[in-house]
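Comments concern the structure below.
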Amino acid sequence: MFKYNNKCLIICFLLCGLFSELKANDCNINISGHIHDESTGELLDHVHIYIEELALGAVSEDDGNFIFEDLCAGEYHLIFSHIGCNPKYVYLNLVQDTFVHVLLDHHASELEGVVIKDKSGKEETSNSQTIGSAQILDEANSNLAAITETISGVSSIRNGSGIGKPVIHGLYGNRIAILNNGVRQSGQQWGIDHSPEIDPLSANEIKVIKGAASLAHPGSGLGGVVISSPGKIVREPHLHGNVVMLGESNGRGGGLHIQANQYAGKVGWKITGTIKKAGDLRSPNYFLNNTGHEAYNFTGQLEHSVSEKLKLNFYGSTYNTTIGILRGSHIGNRSDLIAALGSDVPNFTEPDFSYAIDAPKQKVQHHLLKVSSKYFISDDSWLEAYSAFQLNDRKEFDIRRSGRTEIPALDLNQQTWSNSISFQTATKNDLKIKTGLDSEVIFNRNDSETGILPIIPDYNAFEQAAFIHGTKRFGIVLSEFGIRYGNVIQRVKAIEDGSPPLIKPYANNFNRFTFIGGLSTSINDLFNINFNTGYANRNPNVNELYSNGLHQGVSGIEEGDVDLQNESALKTTLSFSGRKKDRFSYELLGYFQAFSDYIYLNPTGEIRPTIRGSFPVFKYEQEDADIFGLDFTAFYAINPSLIINSNVAFVRGRLLDSDVPVINLPSDNLRHSVSYRFGEALNFNKVHFENMEIGLTHRYVFRQGRILEWQDFVIAPDAYQLYSLEFSGDLQLRKNRMRIKFGVDNLLDTVYRDYLNRQRYFADDLGRNFNLVVTYKF
C-alpha cells in the first residue's frame with residue numbers, strides 16, 4: 001500500500017510539474033509593435049498603451065516601439081491613446097507572440113493634407129477636413145453646424161442658438177449637399193431656420209469638402225459637401241460602447257447619449273440614442289424667453305457578411321426635436337416692429353427662467369431607412385448599390401387667436417425615395433474610375449387643415465443623374481476629373497393670391513451639368529500645391545420660385561419669383577500646404593466663384609401688416625455675382641506640450657449688375673488657440689489619468705461693414721471678440737475608460753450680436769456658458 005501511494009505521489013508531482021510547465025509556457029507570450037502617424041507615416045513616441053484585462057500600461061519609446069512581455073494566452077483589449085489623436089481600440093485573441101502595427105490619426109483635429117486618403121484608399125485633389133469621433137463627443141452639447149464651425153472657411157447661419165445651417169465659403173442651404181450615411185439629406189432645407197435633421201452624435205466622423213470636387217457627390221452642391229458617416233462596425237465579439245452625460249449652464253440643459261455595438265460571427269450591430277433638453281437661453285443681461293429645445297434621437301445599424309465577396313448593410317435613424325422661437329421676434333403691429341428692430345431688449349422679455357416651449361415653435365421629425373450592398377468582383381473592383389427612404393414631418397406653430405395656437409400654422413410632410421448604383425475599379429497604371437446612376441423622387445404635401453395658406457405649395461420632383469469620376473497619378477502629380485449630368489422634373493400646384501385663392505399648376509424641366517478637374521503635387525513635405533476647378537448649375541428650388549407668405553421661423557414674409565432661371569457657377573481653388581513632422585503645419589487656400597444668375601433672398605425694406613402681425617418682406621431675386629475669399633490654417637508646436645493653432649477666413653462677394661455687396665456672407669474672422677498638454681500621466685491607486693490638456697481660445701469677428709445700410713432692415717452689428725476656456729483628460733479605470741471635458745464659452749460674458757444670426761434683429765447673442773461632457777467607454 002505504501003509503495004502504491006508513493007507511486008501516486010510521484011505521478012501527481014509529475015503531472016503537476018507538467019501542468020505548471022504548460023501554464024508557464026502559456027504565460028511566456030509577448031505583444032510588441034510600433035505606432036505610426038496615419039497622416040505622415042512618422043513614428044510616434046509617448047503613446048499610452050493599456051491592456052484592460054490586466055490593468056497594465058506602457059508608453060511607446062522614442063522610436064515608436066513598445067512591448068509587453070510574459071503574458072498568458074487569452075483575449076485582450078488594448079487601448080492606444082495620444083494627445084491630439086482619436087483613441088484606437090485593438091482586440092487580440094493571444095495564442096503566440098504577436099506584432100501589432102498601429103496607425104493613429106494624430107492630426108485629426110489639426111490640418112488635413114492636400115491629398116486626402118481615406119480608409120478605402122481613394123485619393124482626391126479637393127480640400128477637406130475631417131472631425132473625428134473624439135472631437136464630436138467632446139462637442140456633444142453642440143449641433144451639426146456648430147461643430148463644423150471649427151474648420152477654417154466654415155461658419156453657420158442661425159436663427160437663435162438651437163437652429164443653424166453650415167456655411168461653406170459664403171454658401172449655404174440648397175448649395176450645400178449634406179449626406180447622412182451616404183444619402184443626401186432631404187427635408188425642408190430651404191429655410192435658414194431649418195437645421196439639418198441629423199444627430200451629430202450618431203456619426204463616427206464628419207467630413208467637410210470645400211473644393212469643387214464636392215460636385216462629384218450626390219446633390220451636386222455648388223458650395224461644398226458635409227458628410228456625416230456612422231463608420232463601420234468594429235469586428236469585435238464583445239459588447240462595447242459608451243455613455244455620454246452632458247450639461248450646460250446657459251439654458252440649464254442636459255442630456256444623455258448611449259452607444260453600443262458588437263460583432264458576432266458574420267453579423268455586426270450598433271445602436272445609438274440621444275436625449276437632450278434645455279430651457280430659456282440667456283444673453284448677458286436678460287433671458288431669451290421661449291428659446292428652449294428638446295430632442296430624442298435613435299439610430300440602428302446592421303452589417304452582414306454574406307460571403308467574402310458580398311456585404312449587406314441596414315441603417316435606420318429617427319430624429320425628433322421641438323425648438324422654441326424667441327417670443328420677442330413676433331410683433332403685433334408695424335410701429336412696434338420698427339421699434340423692436342435693433343432694440344436693446346426684445347419685447348415680451350420676462351425675468352424668470354422656464355423650460356416651457358410655447359408658440360412660436362417648431363416640431364420636426366425625420367426618419368431614414370437605408371439598405372445597401374457591396375459586391376467585390378475582385379480586390380480592385382466592386383459594385384455598390386443602395387435604396388433609401390426618408391420621411392420628413394415639419395410643424396410650425398404661431399400665436400393664433402380663438403384658441404388655435406396648438407393648430408400648426410405650417411404643416412409639411414415630405415417623402416423621398418433615393419436609389420443609387422455604382423461601379424468602382426482600379427487599374428495597374430494608377431487609374432481609378434467610379435461611375436454610376438442616381439435617382440430621387442420627392443413628394444411634398446401641406447396639411448390643408450391649418451387654416452392658413454402655406455408658404456410653399458404642394459409639389460412632386462423627379463431627378464435622375466449619371467456620373468463618372470476618376471483619378472490618375474503621373475509620378476508625383478495626381479489628376480482628378482469628373483462629369484455629371486442630371487435631369488429634374490417638377491410638378492407644382494402653386495397658390496396665387498385672389499379671392500378665393502387660385503391654384504395654378506406648373507410643370508418645370510431642368511437640366512444639370514457638372515464638370516470637375518484638379519491637379520495635386522507634393523514638392524516636399526513643406527510645400528504641396530493643389531489646384532481644383534469645377535463648373536455646375538442648379539435649378540431654382542420650389543421655395544425660390546413659389547414662396548408666398550409668412551416664414552414663421554424667421555419672422556419674415558418671403559416671396560418667390562416664377563421667372564427664375566438655372567443658377568450656374570464656376571469655382572476655382574488653389575492651395576499651398578505643408579508639414580514639418582509634428583512641429584508645424586499650414587494650409588493657405590484661395591478660391592474664386594463666378595456665378596451666372598445667382599439667386600438670393602433680398603430684404604425689400606417693406607414692413608407689411610397682416611392679421612398675424614407686422615413682418616419684414618424678403619424677395620428672391622437673381623443676377624450675376626462673384627464670391628471669393630481666403631482660408632488660412634496653421635499649427636505650431638513650440639514644444640511637445642505647448643501648442644498654437646490659428647484659423648483665418650475672409651470672404652467677399654459682389655452683385656455685378658447692381659454693383660453692391662452680396663448680403664448674408666460671413667464676417668471676416670480670426671480664431672486662435674493655445675493649449676498646454678501634460679506629457680506625463682498621473683496615477684492614483686488604480687486610476688490612470690492621462691492625455692490632460694488645458695486650452696484658451698480667442699475668436700475675433702469683424703463687423704460686416706461692406707453691407708450698405710439700405711440693404712437690410714438693421715445695420716450690421718459691431719465687431720466682437722470671445723474667449724473660451726476648456727480642460728480635458730482621460731481616466732483609465734481597470735477595465736473601462738472615462739473622458740472628462742469641461743469648458744466655458746463666452747468667458748467674459750461679452751454682449752454681442754452676430755451678423756449671420758437672424759435673431760440679431762431683436763436680441764443679443766448668448767452669454768457665458770459652462771459646459772461639461774463626461775464620456776464613459778465600456
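Labeling convention for the C-alpha cells: chains A, B, ... as they appear, residues from 1 per chain, ligands from 1 in order of appearance.
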
Near A:His101, within 8 Å and counting only C-alpha atoms, which residues show up once chain neighbours fewer than 6 positions away are dropped, as a PDB file with N, CA, C and O atoms, in the first residue's frame?
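The resulting file, result_27.pdb, is reproduced below:
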ATOM      1  N   GLY A  33       5.164  45.888 -30.960  1.00  0.00           N
ATOM      2  CA  GLY A  33       4.698  46.604 -32.147  1.00  0.00           C
ATOM      3  C   GLY A  33       5.293  47.983 -32.249  1.00  0.00           C
ATOM      4  O   GLY A  33       6.117  48.395 -31.416  1.00  0.00           O
ATOM      5  N   HIS A  34       4.886  48.689 -33.298  1.00  0.00           N
ATOM      6  CA  HIS A  34       5.265  50.087 -33.418  1.00  0.00           C
ATOM      7  C   HIS A  34       4.058  50.900 -33.864  1.00  0.00           C
ATOM      8  O   HIS A  34       3.102  50.375 -34.454  1.00  0.00           O
ATOM      9  N   ILE A  35       4.119  52.220 -33.590  1.00  0.00           N
ATOM     10  CA  ILE A  35       2.981  53.111 -33.781  1.00  0.00           C
ATOM     11  C   ILE A  35       3.398  54.228 -34.724  1.00  0.00           C
ATOM     12  O   ILE A  35       4.404  54.896 -34.503  1.00  0.00           O
ATOM     13  N   HIS A  36       2.629  54.420 -35.779  1.00  0.00           N
ATOM     14  CA  HIS A  36       2.908  55.446 -36.770  1.00  0.00           C
ATOM     15  C   HIS A  36       1.787  56.481 -36.793  1.00  0.00           C
ATOM     16  O   HIS A  36       0.635  56.200 -36.438  1.00  0.00           O
TER      17      HIS A  36
END

Contacts of A:Gly342 at 9 Å or less, counting only C-alpha atoms, minus same-chain residues fewer than 5 places along, as a list in words?
-> Phe713, Val714, Ile715, Arg760, Tyr761, Phe762 and Ala763 of chain A

What does the file look like for those residues with N, CA and C atoms, as a CSV table (one decimal), in the first residue's frame?
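Saved as part.csv:
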chain,number,residue,atom,x,y,z
A,713,PHE,N,-32.7,95.6,-42.9
A,713,PHE,CA,-33.6,96.4,-42.0
A,713,PHE,C,-32.8,97.0,-40.8
A,714,VAL,N,-31.7,96.4,-40.5
A,714,VAL,CA,-30.9,96.9,-39.4
A,714,VAL,C,-29.4,96.9,-39.8
A,715,ILE,N,-28.7,97.9,-39.5
A,715,ILE,CA,-27.3,97.9,-39.9
A,715,ILE,C,-26.5,96.7,-39.3
A,760,ARG,N,-30.5,88.5,-34.4
A,760,ARG,CA,-29.8,89.8,-34.1
A,760,ARG,C,-30.8,91.0,-34.3
A,761,TYR,N,-31.8,90.8,-35.1
A,761,TYR,CA,-32.8,91.9,-35.3
A,761,TYR,C,-33.4,92.3,-34.0
A,762,PHE,N,-33.5,91.3,-33.1
A,762,PHE,CA,-34.3,91.6,-31.9
A,762,PHE,C,-33.6,91.4,-30.5
A,763,ALA,N,-32.5,90.7,-30.5
A,763,ALA,CA,-31.9,90.4,-29.2
A,763,ALA,C,-30.4,90.1,-29.3

Determine, counting only C-alpha atoms, which protein, DNA and RNA residues have an atom within 8 Å of an atom of stretch 690-707 of chain A; residues of the same chain fewer than 2 positions away are not included. Present the result as number ranges by chain.
-> A: 81-83, 661-663, 666-682, 688, 709, 711, 715-732, 755

Skip stretch 303-306 of chain A itself and residues of its chain fewer than 5 positions away, then list as a PyMOL selection string all residues within 6 Å of it, counting only C-alpha atoms.
-> chain A and resi 266-268+311-313

Put those residues in a file: N, CA, C and O atoms, as a tab-separated table (two decimals), in the first residue's frame.
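What follows is the written file part25.tsv:
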chain	number	residue	atom	x	y	z
A	266	LYS	N	-20.76	36.54	-38.47
A	266	LYS	CA	-20.82	37.34	-39.69
A	266	LYS	C	-21.77	38.53	-39.59
A	266	LYS	O	-22.02	39.22	-40.58
A	267	VAL	N	-22.28	38.78	-38.40
A	267	VAL	CA	-23.26	39.85	-38.21
A	267	VAL	C	-22.77	40.82	-37.15
A	267	VAL	O	-22.33	40.43	-36.07
A	268	GLY	N	-22.83	42.11	-37.48
A	268	GLY	CA	-22.49	43.15	-36.53
A	268	GLY	C	-23.65	44.12	-36.37
A	268	GLY	O	-24.42	44.35	-37.31
A	311	LYS	N	-21.41	41.94	-49.10
A	311	LYS	CA	-21.70	42.56	-47.80
A	311	LYS	C	-23.05	43.28	-47.89
A	311	LYS	O	-23.32	43.98	-48.87
A	312	LEU	N	-23.86	43.12	-46.86
A	312	LEU	CA	-25.15	43.80	-46.77
A	312	LEU	C	-25.16	44.71	-45.54
A	312	LEU	O	-24.62	44.36	-44.49
A	313	ASN	N	-25.81	45.89	-45.69
A	313	ASN	CA	-25.90	46.84	-44.59
A	313	ASN	C	-27.32	47.38	-44.48
A	313	ASN	O	-27.96	47.67	-45.50

Hey, what's within 12 Å of A:Arg394 if we count only C-alpha atoms and toss same-chain stuff fewer than 4 positions away? As JSON, numbers by chain, please?
-> {"A": [187, 188, 189, 191, 193, 194, 195, 197, 319, 320, 321, 322, 323, 361, 362, 363, 364, 365, 366, 367, 408, 409, 410, 411, 412, 413, 414, 415, 444, 445, 446, 447, 553]}

Counting only C-alpha atoms, what is within 12 Å of stretch 502-513 of chain A, bar same-chain residues fewer than 6 positions away, as JSON, numbers by chain?
-> {"A": [215, 216, 219, 220, 221, 222, 453, 457, 458, 459, 460, 461, 462, 463, 464, 465, 466, 467, 482, 483, 484, 485, 486, 487, 488, 489, 490, 491, 492, 493, 494, 495, 496, 534, 535, 536, 537, 538, 539, 540, 541, 542, 545, 546, 562, 563, 564, 565, 566, 567, 568, 569, 570]}
